[in-house]
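Chemist: input.cif is reproduced below (mmCIF, C-alpha atoms and all ligand atoms).
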data_coords
#
loop_
_atom_site.label_atom_id
_atom_site.label_comp_id
_atom_site.auth_asym_id
_atom_site.auth_seq_id
_atom_site.Cartn_x
_atom_site.Cartn_y
_atom_site.Cartn_z
CA MET A 1227 26.84 -31.46 -0.43
CA ARG A 1228 25.43 -32.42 -3.83
CA LEU A 1229 24.24 -29.41 -5.75
CA LEU A 1230 20.60 -29.56 -6.82
CA PRO A 1231 19.47 -28.40 -10.24
CA CYS A 1232 17.93 -24.94 -10.34
CA SER A 1233 14.32 -26.13 -10.71
CA TRP A 1234 14.66 -28.39 -7.64
CA ARG A 1235 16.13 -25.57 -5.62
CA ARG A 1236 13.11 -23.44 -6.54
CA ILE A 1237 10.68 -26.16 -5.45
CA LEU A 1238 12.57 -26.68 -2.20
CA ARG A 1239 12.56 -22.97 -1.51
CA ALA A 1240 8.81 -22.83 -2.02
CA ARG A 1241 8.33 -25.73 0.39
CA VAL A 1242 10.61 -24.26 3.04
CA ALA A 1243 8.81 -20.97 2.61
CA ARG A 1244 5.51 -22.51 3.72
CA LYS A 1245 6.95 -23.48 7.12
CA VAL A 1246 5.76 -21.47 10.10
CA ILE A 1247 8.74 -19.78 11.70
CA TYR A 1248 7.32 -16.82 13.64
CA GLN A 1249 3.91 -16.54 15.17
CA PRO A 1250 2.97 -13.36 17.00
CA SER A 1251 -0.53 -13.62 15.53
CA ALA A 1252 -2.59 -16.62 14.56
CA VAL A 1253 -2.36 -15.96 10.85
CA ILE A 1254 1.30 -15.26 10.16
CA SER A 1255 3.44 -17.93 8.64
CA SER A 1256 6.55 -18.68 6.75
CA ARG A 1257 9.37 -16.80 5.15
CA SER A 1258 11.41 -13.80 6.10
CA PHE A 1259 11.59 -10.67 4.01
CA ALA A 1260 14.99 -9.72 2.76
CA THR A 1261 15.93 -6.69 0.71
CA THR A 1262 19.58 -7.54 0.57
CA THR A 1263 21.38 -8.94 -2.44
CA LYS A 1264 24.19 -10.39 -0.30
CA LYS A 1265 24.89 -14.05 -0.86
CA ASP A 1266 23.94 -16.35 2.02
CA THR A 1267 26.96 -18.63 1.96
CA SER A 1268 25.70 -20.70 4.89
CA SER A 1269 22.61 -21.85 2.99
CA PRO A 1270 22.67 -24.66 0.42
CA LEU A 1271 19.79 -22.81 -1.25
CA ALA A 1272 21.77 -19.60 -1.73
CA ALA A 1273 21.46 -18.02 -5.16
CA PRO A 1274 24.19 -16.44 -7.25
CA PRO A 1275 24.64 -12.76 -6.30
CA THR A 1276 24.06 -11.67 -9.90
CA ASP A 1277 20.47 -12.95 -9.75
CA LEU A 1278 18.65 -10.30 -7.73
CA ALA A 1279 15.32 -12.09 -7.45
CA SER A 1280 16.89 -15.35 -6.35
CA SER A 1281 19.15 -13.67 -3.84
CA VAL A 1282 16.15 -11.87 -2.36
CA THR A 1283 14.47 -15.24 -1.82
CA ALA A 1284 17.67 -16.85 -0.52
CA PHE A 1285 16.54 -16.34 3.05
CA LEU A 1286 13.11 -17.92 2.61
CA GLY A 1287 12.11 -20.02 5.57
CA THR A 1288 15.00 -18.87 7.67
CA LYS A 1289 14.93 -16.69 10.76
CA LYS A 1290 17.73 -14.52 9.46
CA ARG A 1291 15.83 -11.53 8.17
CA LEU A 1292 13.19 -9.79 10.28
CA PRO A 1293 10.49 -12.45 10.06
CA GLU A 1294 7.87 -10.07 11.45
CA PHE A 1295 7.86 -8.23 8.10
CA ASN A 1296 6.90 -11.42 6.35
CA LEU A 1297 3.65 -11.24 4.33
CA ILE A 1298 3.68 -14.65 2.71
CA ASP A 1299 0.21 -16.18 2.33
CA LYS A 1300 -1.46 -12.90 3.28
CA VAL A 1301 -4.11 -11.49 0.98
CA ILE A 1302 -4.07 -7.72 0.68
CA VAL A 1303 -6.25 -5.28 -1.25
CA VAL A 1304 -4.72 -2.02 -2.51
CA THR A 1305 -7.08 0.60 -3.93
CA GLY A 1306 -5.79 3.14 -6.43
CA ALA A 1307 -3.11 0.65 -7.46
CA ALA A 1308 -3.50 0.98 -11.22
CA ARG A 1309 -0.61 3.45 -11.10
CA GLY A 1310 1.32 5.86 -8.88
CA LEU A 1311 1.86 5.34 -5.17
CA GLY A 1312 -0.68 2.49 -4.87
CA LEU A 1313 1.06 0.47 -7.57
CA VAL A 1314 4.51 0.94 -6.04
CA GLN A 1315 3.22 -0.06 -2.61
CA ALA A 1316 1.47 -3.08 -4.09
CA GLN A 1317 4.79 -4.17 -5.57
CA ALA A 1318 6.46 -3.92 -2.15
CA LEU A 1319 3.71 -6.06 -0.59
CA LEU A 1320 4.22 -8.66 -3.32
CA GLU A 1321 7.96 -8.70 -2.66
CA ALA A 1322 7.21 -9.34 1.01
CA GLY A 1323 5.18 -12.37 -0.05
CA ALA A 1324 1.54 -11.20 -0.16
CA THR A 1325 -1.07 -11.98 -2.78
CA VAL A 1326 -2.28 -8.55 -3.87
CA TYR A 1327 -5.47 -7.29 -5.48
CA ALA A 1328 -5.33 -3.88 -7.13
CA LEU A 1329 -8.73 -2.15 -7.16
CA ASP A 1330 -9.01 0.96 -9.30
CA ARG A 1331 -11.57 2.76 -11.43
CA LEU A 1332 -9.36 2.78 -14.55
CA PRO A 1333 -10.49 0.24 -17.18
CA GLU A 1334 -6.85 -0.74 -17.68
CA PRO A 1335 -3.96 -0.39 -15.24
CA SER A 1336 -0.69 1.23 -16.35
CA PRO A 1337 1.69 -0.99 -18.38
CA ASP A 1338 3.87 -1.31 -15.25
CA PHE A 1339 1.10 -3.32 -13.62
CA HIS A 1340 1.58 -6.15 -16.13
CA THR A 1341 5.37 -6.17 -15.70
CA ILE A 1342 4.93 -6.40 -11.93
CA ALA A 1343 2.24 -9.10 -12.25
CA LYS A 1344 4.58 -11.22 -14.40
CA ARG A 1345 7.41 -10.78 -11.93
CA ALA A 1346 5.12 -11.71 -9.03
CA GLU A 1347 4.26 -14.98 -10.71
CA LYS A 1348 7.67 -15.91 -12.09
CA GLU A 1349 10.05 -14.65 -9.42
CA LEU A 1350 8.13 -14.03 -6.21
CA GLY A 1351 5.87 -17.08 -6.13
CA THR A 1352 2.80 -14.95 -5.57
CA SER A 1353 0.18 -13.19 -7.69
CA PHE A 1354 -1.07 -9.71 -8.55
CA HIS A 1355 -4.67 -9.24 -9.72
CA TYR A 1356 -6.64 -6.33 -11.11
CA ARG A 1357 -10.29 -5.48 -10.48
CA GLN A 1358 -11.91 -2.42 -11.99
CA ILE A 1359 -13.99 -0.73 -9.32
CA ASP A 1360 -15.03 2.79 -8.42
CA VAL A 1361 -14.85 3.12 -4.63
CA ARG A 1362 -18.07 5.18 -4.76
CA ASP A 1363 -19.99 2.16 -6.02
CA VAL A 1364 -20.60 0.48 -2.66
CA PRO A 1365 -22.56 -2.61 -3.83
CA ASP A 1366 -19.91 -3.40 -6.44
CA LEU A 1367 -17.14 -2.73 -3.93
CA ASN A 1368 -18.68 -5.23 -1.51
CA LYS A 1369 -19.17 -7.77 -4.27
CA VAL A 1370 -15.53 -7.59 -5.34
CA VAL A 1371 -14.09 -7.62 -1.80
CA ASP A 1372 -16.42 -10.49 -0.70
CA ALA A 1373 -15.34 -12.53 -3.72
CA ILE A 1374 -11.63 -12.05 -2.91
CA ALA A 1375 -12.15 -13.09 0.72
CA GLU A 1376 -14.25 -16.07 -0.31
CA LYS A 1377 -11.77 -17.27 -2.91
CA HIS A 1378 -8.83 -17.26 -0.49
CA GLY A 1379 -10.71 -17.94 2.74
CA ARG A 1380 -8.92 -14.95 4.22
CA LEU A 1381 -8.38 -11.23 3.90
CA ASP A 1382 -5.47 -9.74 5.80
CA GLY A 1383 -5.09 -6.16 4.80
CA LEU A 1384 -6.08 -3.04 2.94
CA VAL A 1385 -4.01 -0.13 1.70
CA ALA A 1386 -6.52 2.52 0.62
CA ALA A 1387 -4.63 4.75 -1.82
CA ALA A 1388 -7.43 5.67 -4.24
CA GLY A 1389 -7.77 9.42 -4.21
CA ILE A 1390 -8.37 12.52 -6.28
CA GLN A 1391 -7.07 16.05 -6.12
CA GLN A 1392 -8.51 19.29 -7.46
CA GLU A 1393 -7.12 22.78 -7.29
CA THR A 1394 -9.83 25.42 -7.19
CA PRO A 1395 -10.01 28.64 -5.15
CA ALA A 1396 -12.34 28.13 -2.19
CA LEU A 1397 -14.62 30.98 -3.34
CA GLU A 1398 -15.21 29.18 -6.63
CA TYR A 1399 -15.61 25.63 -5.36
CA THR A 1400 -18.98 24.14 -6.30
CA ALA A 1401 -20.88 21.86 -3.94
CA GLU A 1402 -20.80 19.22 -6.66
CA ASP A 1403 -16.99 19.28 -6.87
CA ALA A 1404 -16.59 19.34 -3.10
CA ASN A 1405 -18.98 16.41 -2.73
CA ARG A 1406 -17.06 14.41 -5.32
CA MET A 1407 -13.84 15.03 -3.41
CA TYR A 1408 -15.33 13.87 -0.11
CA GLN A 1409 -17.11 10.96 -1.77
CA VAL A 1410 -13.91 9.50 -3.21
CA ASN A 1411 -11.34 10.48 -0.58
CA CYS A 1412 -13.46 10.05 2.56
CA THR A 1413 -16.62 8.01 1.96
CA GLY A 1414 -14.90 5.80 -0.64
CA ALA A 1415 -12.05 5.05 1.77
CA PHE A 1416 -14.57 4.45 4.58
CA MET A 1417 -16.71 2.06 2.53
CA THR A 1418 -13.65 0.16 1.29
CA ALA A 1419 -12.45 -0.30 4.87
CA GLN A 1420 -15.95 -1.37 5.90
CA ALA A 1421 -16.14 -3.98 3.12
CA VAL A 1422 -12.73 -5.35 4.17
CA ALA A 1423 -13.45 -5.28 7.93
CA LYS A 1424 -16.79 -7.08 7.48
CA ASN A 1425 -14.95 -9.96 5.84
CA MET A 1426 -12.17 -10.04 8.46
CA ILE A 1427 -14.79 -10.19 11.23
CA LYS A 1428 -16.80 -12.83 9.38
CA LEU A 1429 -13.65 -14.91 8.93
CA LYS A 1430 -12.71 -14.30 12.61
CA GLN A 1431 -9.25 -13.13 11.67
CA SER A 1432 -7.10 -10.17 12.57
CA GLY A 1433 -6.06 -7.65 9.96
CA SER A 1434 -4.55 -4.31 9.15
CA ILE A 1435 -5.94 -1.29 7.32
CA ALA A 1436 -3.81 1.65 6.16
CA PHE A 1437 -5.30 4.76 4.61
CA ILE A 1438 -3.15 7.03 2.49
CA ALA A 1439 -3.84 10.43 4.00
CA SER A 1440 -1.42 13.30 3.35
CA MET A 1441 0.73 15.89 5.06
CA SER A 1442 -2.06 18.15 3.74
CA ALA A 1443 -4.28 16.56 6.41
CA HIS A 1444 -2.07 18.33 8.94
CA VAL A 1445 -1.19 21.65 7.30
CA ALA A 1446 -2.45 23.98 4.58
CA ASN A 1447 -0.04 23.83 1.64
CA ARG A 1448 1.70 27.05 0.78
CA GLY A 1449 0.68 28.07 -2.74
CA LEU A 1450 -1.58 25.07 -3.36
CA ILE A 1451 -5.26 25.98 -3.25
CA CYS A 1452 -7.16 22.84 -2.42
CA ALA A 1453 -9.45 23.32 0.59
CA ALA A 1454 -11.62 20.34 -0.26
CA TYR A 1455 -8.69 17.94 -0.79
CA ASN A 1456 -6.96 18.97 2.41
CA SER A 1457 -10.10 18.70 4.50
CA SER A 1458 -10.94 15.33 2.92
CA LYS A 1459 -7.51 14.03 3.98
CA ALA A 1460 -7.96 15.47 7.50
CA GLY A 1461 -11.25 13.52 7.54
CA VAL A 1462 -9.31 10.35 6.71
CA LEU A 1463 -7.12 10.84 9.79
CA GLN A 1464 -10.11 11.10 12.10
CA LEU A 1465 -11.92 8.29 10.29
CA SER A 1466 -8.91 6.07 10.92
CA ARG A 1467 -8.80 6.78 14.65
CA ASN A 1468 -12.52 6.06 15.03
CA LEU A 1469 -12.44 2.84 13.03
CA ALA A 1470 -9.43 1.76 15.09
CA SER A 1471 -11.40 2.37 18.29
CA GLU A 1472 -14.39 0.36 17.04
CA TRP A 1473 -12.54 -2.51 15.38
CA GLY A 1474 -9.65 -3.05 17.80
CA VAL A 1475 -11.75 -5.61 19.66
CA HIS A 1476 -11.78 -7.69 16.45
CA GLY A 1477 -8.00 -7.53 16.12
CA ILE A 1478 -8.23 -5.07 13.23
CA ARG A 1479 -5.65 -2.30 13.31
CA VAL A 1480 -6.28 0.96 11.45
CA ASN A 1481 -3.57 3.52 10.69
CA THR A 1482 -2.73 6.25 8.20
CA ILE A 1483 0.30 7.22 6.15
CA SER A 1484 0.73 10.95 5.55
CA PRO A 1485 3.08 11.46 2.61
CA GLY A 1486 4.69 14.72 1.59
CA TYR A 1487 4.95 15.70 -2.07
CA ILE A 1488 5.55 12.61 -4.19
CA VAL A 1489 6.75 12.82 -7.78
CA THR A 1490 4.13 10.61 -9.41
CA ALA A 1491 2.83 10.96 -12.98
CA MET A 1492 0.06 13.17 -11.58
CA VAL A 1493 2.57 15.58 -10.05
CA GLU A 1494 4.78 15.54 -13.18
CA GLU A 1495 1.75 16.75 -15.13
CA LEU A 1496 1.24 19.52 -12.57
CA PHE A 1497 4.85 20.64 -13.02
CA LYS A 1498 4.22 21.09 -16.74
CA GLN A 1499 1.40 23.48 -15.86
CA TYR A 1500 3.18 25.21 -12.96
CA PRO A 1501 6.96 24.81 -13.57
CA GLU A 1502 7.81 27.12 -10.64
CA ARG A 1503 6.52 24.46 -8.22
CA LYS A 1504 9.33 22.15 -9.21
CA GLU A 1505 11.71 24.74 -7.77
CA GLU A 1506 9.58 25.91 -4.84
CA TRP A 1507 8.24 22.69 -3.32
CA PRO A 1508 11.58 21.06 -2.48
CA LYS A 1509 12.57 24.17 -0.50
CA GLN A 1510 9.56 23.69 1.79
CA ASN A 1511 10.85 20.64 3.62
CA MET A 1512 13.90 19.91 5.73
CA LEU A 1513 15.51 17.56 3.22
CA GLY A 1514 15.30 20.04 0.34
CA ARG A 1515 13.86 17.58 -2.18
CA LEU A 1516 10.65 15.86 -3.23
CA SER A 1517 9.96 12.21 -2.49
CA SER A 1518 9.57 9.27 -4.85
CA PRO A 1519 6.79 6.64 -4.49
CA GLU A 1520 9.47 4.06 -3.62
CA GLU A 1521 10.13 5.88 -0.35
CA TYR A 1522 6.76 4.64 0.96
CA ARG A 1523 7.32 0.94 0.22
CA GLY A 1524 8.62 0.19 3.70
CA ALA A 1525 5.70 1.98 5.36
CA ALA A 1526 3.15 -0.18 3.51
CA VAL A 1527 4.96 -3.42 4.37
CA PHE A 1528 5.45 -2.31 7.98
CA LEU A 1529 1.77 -1.47 8.48
CA MET A 1530 0.49 -4.62 6.76
CA SER A 1531 2.82 -6.88 8.71
CA ASP A 1532 3.22 -8.04 12.28
CA ALA A 1533 6.13 -5.62 12.60
CA SER A 1534 3.45 -3.07 13.55
CA SER A 1535 1.31 -5.46 15.62
CA PHE A 1536 0.81 -3.01 18.52
CA MET A 1537 0.22 0.03 16.33
CA THR A 1538 -3.29 1.31 15.73
CA ALA A 1539 -5.02 4.72 15.47
CA SER A 1540 -1.66 6.20 14.50
CA ASP A 1541 -0.35 8.26 11.64
CA MET A 1542 2.99 7.73 9.90
CA LYS A 1543 3.99 11.17 8.71
CA ILE A 1544 6.60 10.79 5.98
CA ASP A 1545 7.06 14.29 4.61
CA GLY A 1546 10.74 15.18 4.83
CA GLY A 1547 9.84 17.39 7.79
CA HIS A 1548 7.54 19.60 5.69
CA SER A 1549 4.73 19.89 8.23
CA SER A 1550 7.04 20.26 11.23
CA TRP A 1551 8.53 23.54 10.06
N1 LIG B 1 1.31 12.57 -5.19
C1 LIG B 1 1.42 13.21 -4.05
O1 LIG B 1 2.19 14.18 -3.92
C2 LIG B 1 0.61 12.77 -2.85
C3 LIG B 1 0.91 13.31 -1.61
C4 LIG B 1 0.18 12.91 -0.49
C5 LIG B 1 -0.84 11.98 -0.62
N2 LIG B 1 -1.11 11.48 -1.85
C6 LIG B 1 -2.20 10.51 -1.94
O2 LIG B 1 -1.66 9.28 -2.38
C7 LIG B 1 -2.67 8.56 -3.10
C8 LIG B 1 -2.13 8.16 -4.46
O3 LIG B 1 -1.80 9.33 -5.18
P1 LIG B 1 -0.96 9.34 -6.54
O4 LIG B 1 -0.09 10.53 -6.49
O5 LIG B 1 -0.36 8.01 -6.77
O6 LIG B 1 -2.11 9.69 -7.58
P2 LIG B 1 -2.62 8.91 -8.88
O7 LIG B 1 -3.67 9.77 -9.47
O8 LIG B 1 -1.48 8.51 -9.73
O9 LIG B 1 -3.27 7.58 -8.26
C9 LIG B 1 -4.54 7.56 -7.69
C10 LIG B 1 -5.27 6.34 -8.17
O10 LIG B 1 -6.55 6.33 -7.58
C11 LIG B 1 -7.49 5.93 -8.56
N3 LIG B 1 -8.81 6.44 -8.23
C12 LIG B 1 -9.23 7.73 -8.22
N4 LIG B 1 -10.53 7.80 -7.95
C13 LIG B 1 -10.96 6.53 -7.78
C14 LIG B 1 -12.24 5.96 -7.50
N5 LIG B 1 -13.31 6.71 -7.35
N6 LIG B 1 -12.31 4.62 -7.38
C15 LIG B 1 -11.23 3.84 -7.56
N7 LIG B 1 -10.01 4.33 -7.86
C16 LIG B 1 -9.89 5.65 -7.96
C17 LIG B 1 -6.95 6.55 -9.85
O11 LIG B 1 -7.51 5.91 -11.00
C18 LIG B 1 -5.47 6.33 -9.70
O12 LIG B 1 -5.05 5.11 -10.25
C19 LIG B 1 -3.88 9.48 -3.16
O13 LIG B 1 -4.78 9.14 -2.15
C20 LIG B 1 -3.29 10.84 -2.92
O14 LIG B 1 -4.24 11.73 -2.40
C21 LIG B 1 -0.42 11.83 -2.97
#
Starting from the file, give its structure as structure tokens.

Modeler:
Amino acid sequence: MRLLPCSWRRILRARVARKVIYQPSAVISSRSFATTTKKDTSSPLAAPPTDLASSVTAFLGTKKRLPEFNLIDKVIVVTGAARGLGLVQAQALLEAGATVYALDRLPEPSPDFHTIAKRAEKELGTSFHYRQIDVRDVPDLNKVVDAIAEKHGRLDGLVAAAGIQQETPALEYTAEDANRMYQVNCTGAFMTAQAVAKNMIKLKQSGSIAFIASMSAHVANRGLICAAYNSSKAGVLQLSRNLASEWGVHGIRVNTISPGYIVTAMVEELFKQYPERKEEWPKQNMLGRLSSPEEYRGAAVFLMSDASSFMTASDMKIDGGHSSW
């Protein structure tokens, strides 16, 4: 077979990727998601093994790699994605083919955002956008989410990762601080989901919503005094179950992810203040270590994709066994 020049191979790949190959729901299309770097020797479109991005896309449009994880053409909103867990999960969704909108209150996302956005465009054939929004500002939230849905004529998913944490002894907690916690972590998550669901229903399409809760929704953390945070995350669990029960008839699934301790920039800062936690926390789970944001990539892709098509009102507890001890 005549070898095509690189640019032609890229164009061909993009075309093949648009082909519908798996259709458990009305909206899914196209390419399979592959995390492997192994060369596909059977495909004329196979990329050299040294080129990671190309080898990841070497299975585009084939049925070889778990097509139900495929997110190509899907439009997904991730709140709190200017940095930390939200940003890492957004990157995973992009790698699975989605167009992703990061919504966050920070005026500027972390420098990593721009690196990922460039990669999305150049290597993944998709796009990563940033919108500054405070999830407590409901009119603005609706305006931004409506505009995204209108631009693409679809809205397929939401990962609600925006959240705040505050350590204060319960006897000293002010109503103002507690209200802020519930406003961002509970009401903000609720209103974001509402804005997204309204558009999904208007567009008559199915969709998936995943809230980032916490293992702290299930247990009180030893040595971490944060009554308001923990109860706000417990509220997210119950919110998720109720939204799932109301919106299931529209084909909208609602689930939660409950992470254990994740070493994000926020937690690194905490370790500077309380160095003993760096030693103590890993001992509190069954794996004897803390998690990295990358260990939640698969959960986000799973919940946003048809791989979880029969899952709703559920919680994915990913905490190294912390809350089961
Ligand atoms: N780090 C952990 O150990 C851990 C464990 C369990 C759950 N979580 C949850 O995971 C999520 C992400 O946490 P992270 O560790 O990446 O923290 P982070 O502070 O790095 O990220 C949170 C993001 O949310 C944004 N945000 C905060 N308030 C907002 C608002 N009102 N409107 C819009 N955006 C807002 C922040 O600007 C930030 O970019 C949070 O919901 C957190 O509660 C974190």

Chemist: Counting all atoms listed in the file, what is within 9 Å of Arg1503 of chain A, bar same-chain residues fewer than 6 positions away, as a ChimeraX atom specification?

Modeler: /A:1449,1496-1497

Chemist: Can you tell me which residues come within 8 Å of ligand LIG 1 (chain B) when counting all atoms listed in the file, ideally as a PyMOL selection string?

Modeler: chain A and resi 1305-1313+1329-1332+1335+1358-1362+1386-1391+1409-1411+1414+1438-1442+1455+1459+1484-1493+1519

Chemist: Put those residues in a file: C-alpha atoms, as an mmCIF file, in the frame of the given file.

Modeler:
data_model
loop_
_atom_site.group_PDB
_atom_site.id
_atom_site.type_symbol
_atom_site.label_atom_id
_atom_site.label_comp_id
_atom_site.auth_asym_id
_atom_site.auth_seq_id
_atom_site.Cartn_x
_atom_site.Cartn_y
_atom_site.Cartn_z
ATOM 1 C CA THR A 1305 -7.080 0.600 -3.930
ATOM 2 C CA GLY A 1306 -5.790 3.140 -6.430
ATOM 3 C CA ALA A 1307 -3.110 0.650 -7.460
ATOM 4 C CA ALA A 1308 -3.500 0.980 -11.220
ATOM 5 C CA ARG A 1309 -0.610 3.450 -11.100
ATOM 6 C CA GLY A 1310 1.320 5.860 -8.880
ATOM 7 C CA LEU A 1311 1.860 5.340 -5.170
ATOM 8 C CA GLY A 1312 -0.680 2.490 -4.870
ATOM 9 C CA LEU A 1313 1.060 0.470 -7.570
ATOM 10 C CA LEU A 1329 -8.730 -2.150 -7.160
ATOM 11 C CA ASP A 1330 -9.010 0.960 -9.300
ATOM 12 C CA ARG A 1331 -11.570 2.760 -11.430
ATOM 13 C CA LEU A 1332 -9.360 2.780 -14.550
ATOM 14 C CA PRO A 1335 -3.960 -0.390 -15.240
ATOM 15 C CA GLN A 1358 -11.910 -2.420 -11.990
ATOM 16 C CA ILE A 1359 -13.990 -0.730 -9.320
ATOM 17 C CA ASP A 1360 -15.030 2.790 -8.420
ATOM 18 C CA VAL A 1361 -14.850 3.120 -4.630
ATOM 19 C CA ARG A 1362 -18.070 5.180 -4.760
ATOM 20 C CA ALA A 1386 -6.520 2.520 0.620
ATOM 21 C CA ALA A 1387 -4.630 4.750 -1.820
ATOM 22 C CA ALA A 1388 -7.430 5.670 -4.240
ATOM 23 C CA GLY A 1389 -7.770 9.420 -4.210
ATOM 24 C CA ILE A 1390 -8.370 12.520 -6.280
ATOM 25 C CA GLN A 1391 -7.070 16.050 -6.120
ATOM 26 C CA GLN A 1409 -17.110 10.960 -1.770
ATOM 27 C CA VAL A 1410 -13.910 9.500 -3.210
ATOM 28 C CA ASN A 1411 -11.340 10.480 -0.580
ATOM 29 C CA GLY A 1414 -14.900 5.800 -0.640
ATOM 30 C CA ILE A 1438 -3.150 7.030 2.490
ATOM 31 C CA ALA A 1439 -3.840 10.430 4.000
ATOM 32 C CA SER A 1440 -1.420 13.300 3.350
ATOM 33 C CA MET A 1441 0.730 15.890 5.060
ATOM 34 C CA SER A 1442 -2.060 18.150 3.740
ATOM 35 C CA TYR A 1455 -8.690 17.940 -0.790
ATOM 36 C CA LYS A 1459 -7.510 14.030 3.980
ATOM 37 C CA SER A 1484 0.730 10.950 5.550
ATOM 38 C CA PRO A 1485 3.080 11.460 2.610
ATOM 39 C CA GLY A 1486 4.690 14.720 1.590
ATOM 40 C CA TYR A 1487 4.950 15.700 -2.070
ATOM 41 C CA ILE A 1488 5.550 12.610 -4.190
ATOM 42 C CA VAL A 1489 6.750 12.820 -7.780
ATOM 43 C CA THR A 1490 4.130 10.610 -9.410
ATOM 44 C CA ALA A 1491 2.830 10.960 -12.980
ATOM 45 C CA MET A 1492 0.060 13.170 -11.580
ATOM 46 C CA VAL A 1493 2.570 15.580 -10.050
ATOM 47 C CA PRO A 1519 6.790 6.640 -4.490
#

Chemist: Report, in Å to a single decimal, how far apart atom CA of Ala1396 of chain A and atom CA of Ser1457 of chain A are.

Modeler: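 It comes out at 11.8 Å.
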
Chemist: Could you jot down the atom CA of Ser1535 of chain A to atom CA of Leu1319 of chain A separation for me, Å, one decimal place?

Modeler: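 Atom-to-atom, atom CA of Ser1535 of chain A and atom CA of Leu1319 of chain A are spaced 16.4 Å apart.
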
Chemist: Atom CA of Gly1477 of chain A and atom CA of Ala1539 of chain A, how far apart in Å?

Modeler: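 Computed distance, atom CA of Ala1539 of chain A to atom CA of Gly1477 of chain A, equals 12.6 Å.
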
Chemist: Choose the residue, out of A:Gly1547, A:Pro1501, A:Gly1323, A:Pro1333, that has the smallest atom-to-atom separation from Val1445 of chain A; count all atoms listed in the file.

Modeler: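 The answer is A:Gly1547, which sits nearest to Val1445 of chain A.
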
Chemist: Show me, as a PyMOL selection string, the residues that have an atom within 10 Å of Asn1447 of chain A when counting all atoms listed in the file, minus same-chain residues fewer than 4 positions from it.

Modeler: chain A and resi 1441-1443+1451-1453+1456+1507+1510+1548-1549

Chemist: Could you write out the selected residues, including C-alpha atoms, as a JSON list (two decimals), in the frame of the given file?

Modeler:
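part.json was written with the following content:
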[["chain", "number", "residue", "atom", "x", "y", "z"],
["A", 1441, "MET", "CA", 0.73, 15.89, 5.06],
["A", 1442, "SER", "CA", -2.06, 18.15, 3.74],
["A", 1443, "ALA", "CA", -4.28, 16.56, 6.41],
["A", 1451, "ILE", "CA", -5.26, 25.98, -3.25],
["A", 1452, "CYS", "CA", -7.16, 22.84, -2.42],
["A", 1453, "ALA", "CA", -9.45, 23.32, 0.59],
["A", 1456, "ASN", "CA", -6.96, 18.97, 2.41],
["A", 1507, "TRP", "CA", 8.24, 22.69, -3.32],
["A", 1510, "GLN", "CA", 9.56, 23.69, 1.79],
["A", 1548, "HIS", "CA", 7.54, 19.60, 5.69],
["A", 1549, "SER", "CA", 4.73, 19.89, 8.23]]

Chemist: With distances taken over all atoms listed in the file, which residue among A:Ala1415, A:Leu1465, A:Val1527, A:Ala1454 lies nearest Leu1367 of chain A?

Modeler: A:Ala1415

Chemist: Centre and edge lengths, as JSON, for the axis-aligned box enclosing every listed atom of segment 1404-1419 of chain A with 3 Å of padding on each of the six sides, in Å to one decimal?

Modeler:
{"center_x": -15.2, "center_y": 9.5, "center_z": -0.2, "size_x": 13.6, "size_y": 25.6, "size_z": 16.2}

Chemist: Using only C-alpha atoms, find all polymer residues with an atom at most 10 Å away from the point (-11.3, -10.5, 0.3); report them as a ChimeraX atom specification.

Modeler: /A:1301-1303,1327,1368-1384,1421-1426,1429

Chemist: What are the closest atom pairs, with distances in Å to one decimal, for each residue of segment 1300-1336 of chain A lying within 12 Å of segment 1290-1296 of chain A, using all atoms listed in the file, rows by chain and rising residue number, as CSV?

Modeler:
residue,atom,partner,partner_atom,distance
A:Lys1300,CA,A:Asn1296,CA,9.0
A:Ala1318,CA,A:Phe1295,CA,11.2
A:Leu1319,CA,A:Asn1296,CA,9.3
A:Leu1320,CA,A:Asn1296,CA,10.4
A:Glu1321,CA,A:Asn1296,CA,9.5
A:Ala1322,CA,A:Asn1296,CA,5.7
A:Gly1323,CA,A:Asn1296,CA,6.7
A:Ala1324,CA,A:Asn1296,CA,8.4

Chemist: Looking at all atoms listed in the file, which of A:Gln1392, A:Gln1420, A:Thr1538, A:Ser1531 is the one that sits closest to Tyr1408 of chain A?

Modeler: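 With all atoms listed in the file as the atom set, the closest residue is A:Gln1392.
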
Chemist: With distances taken over all atoms listed in the file, which of A:Lys1344, A:Val1385, A:Val1326, A:Tyr1399 is nearest to Ala1526 of chain A?

Modeler: A:Val1385

Chemist: With only C-alpha atoms as the atoms that count, which of A:Met1530, A:Ile1435, A:Met1512, A:Ala1404 lies nearest to Trp1551 of chain A?

Modeler: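 Residue with the minimum atom-to-atom distance to Trp1551 of chain A: A:Met1512.
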
Chemist: Within 10 Å of (-14.5, -10.5, 18.7), only C-alpha atoms: residues as an mmCIF file with C-alpha atoms, in the coordinates of the input?

Modeler:
data_model
loop_
_atom_site.group_PDB
_atom_site.id
_atom_site.type_symbol
_atom_site.label_atom_id
_atom_site.label_comp_id
_atom_site.auth_asym_id
_atom_site.auth_seq_id
_atom_site.Cartn_x
_atom_site.Cartn_y
_atom_site.Cartn_z
ATOM 1 C CA ILE A 1427 -14.790 -10.190 11.230
ATOM 2 C CA LYS A 1428 -16.800 -12.830 9.380
ATOM 3 C CA LYS A 1430 -12.710 -14.300 12.610
ATOM 4 C CA GLN A 1431 -9.250 -13.130 11.670
ATOM 5 C CA SER A 1432 -7.100 -10.170 12.570
ATOM 6 C CA TRP A 1473 -12.540 -2.510 15.380
ATOM 7 C CA GLY A 1474 -9.650 -3.050 17.800
ATOM 8 C CA VAL A 1475 -11.750 -5.610 19.660
ATOM 9 C CA HIS A 1476 -11.780 -7.690 16.450
ATOM 10 C CA GLY A 1477 -8.000 -7.530 16.120
ATOM 11 C CA ILE A 1478 -8.230 -5.070 13.230
#
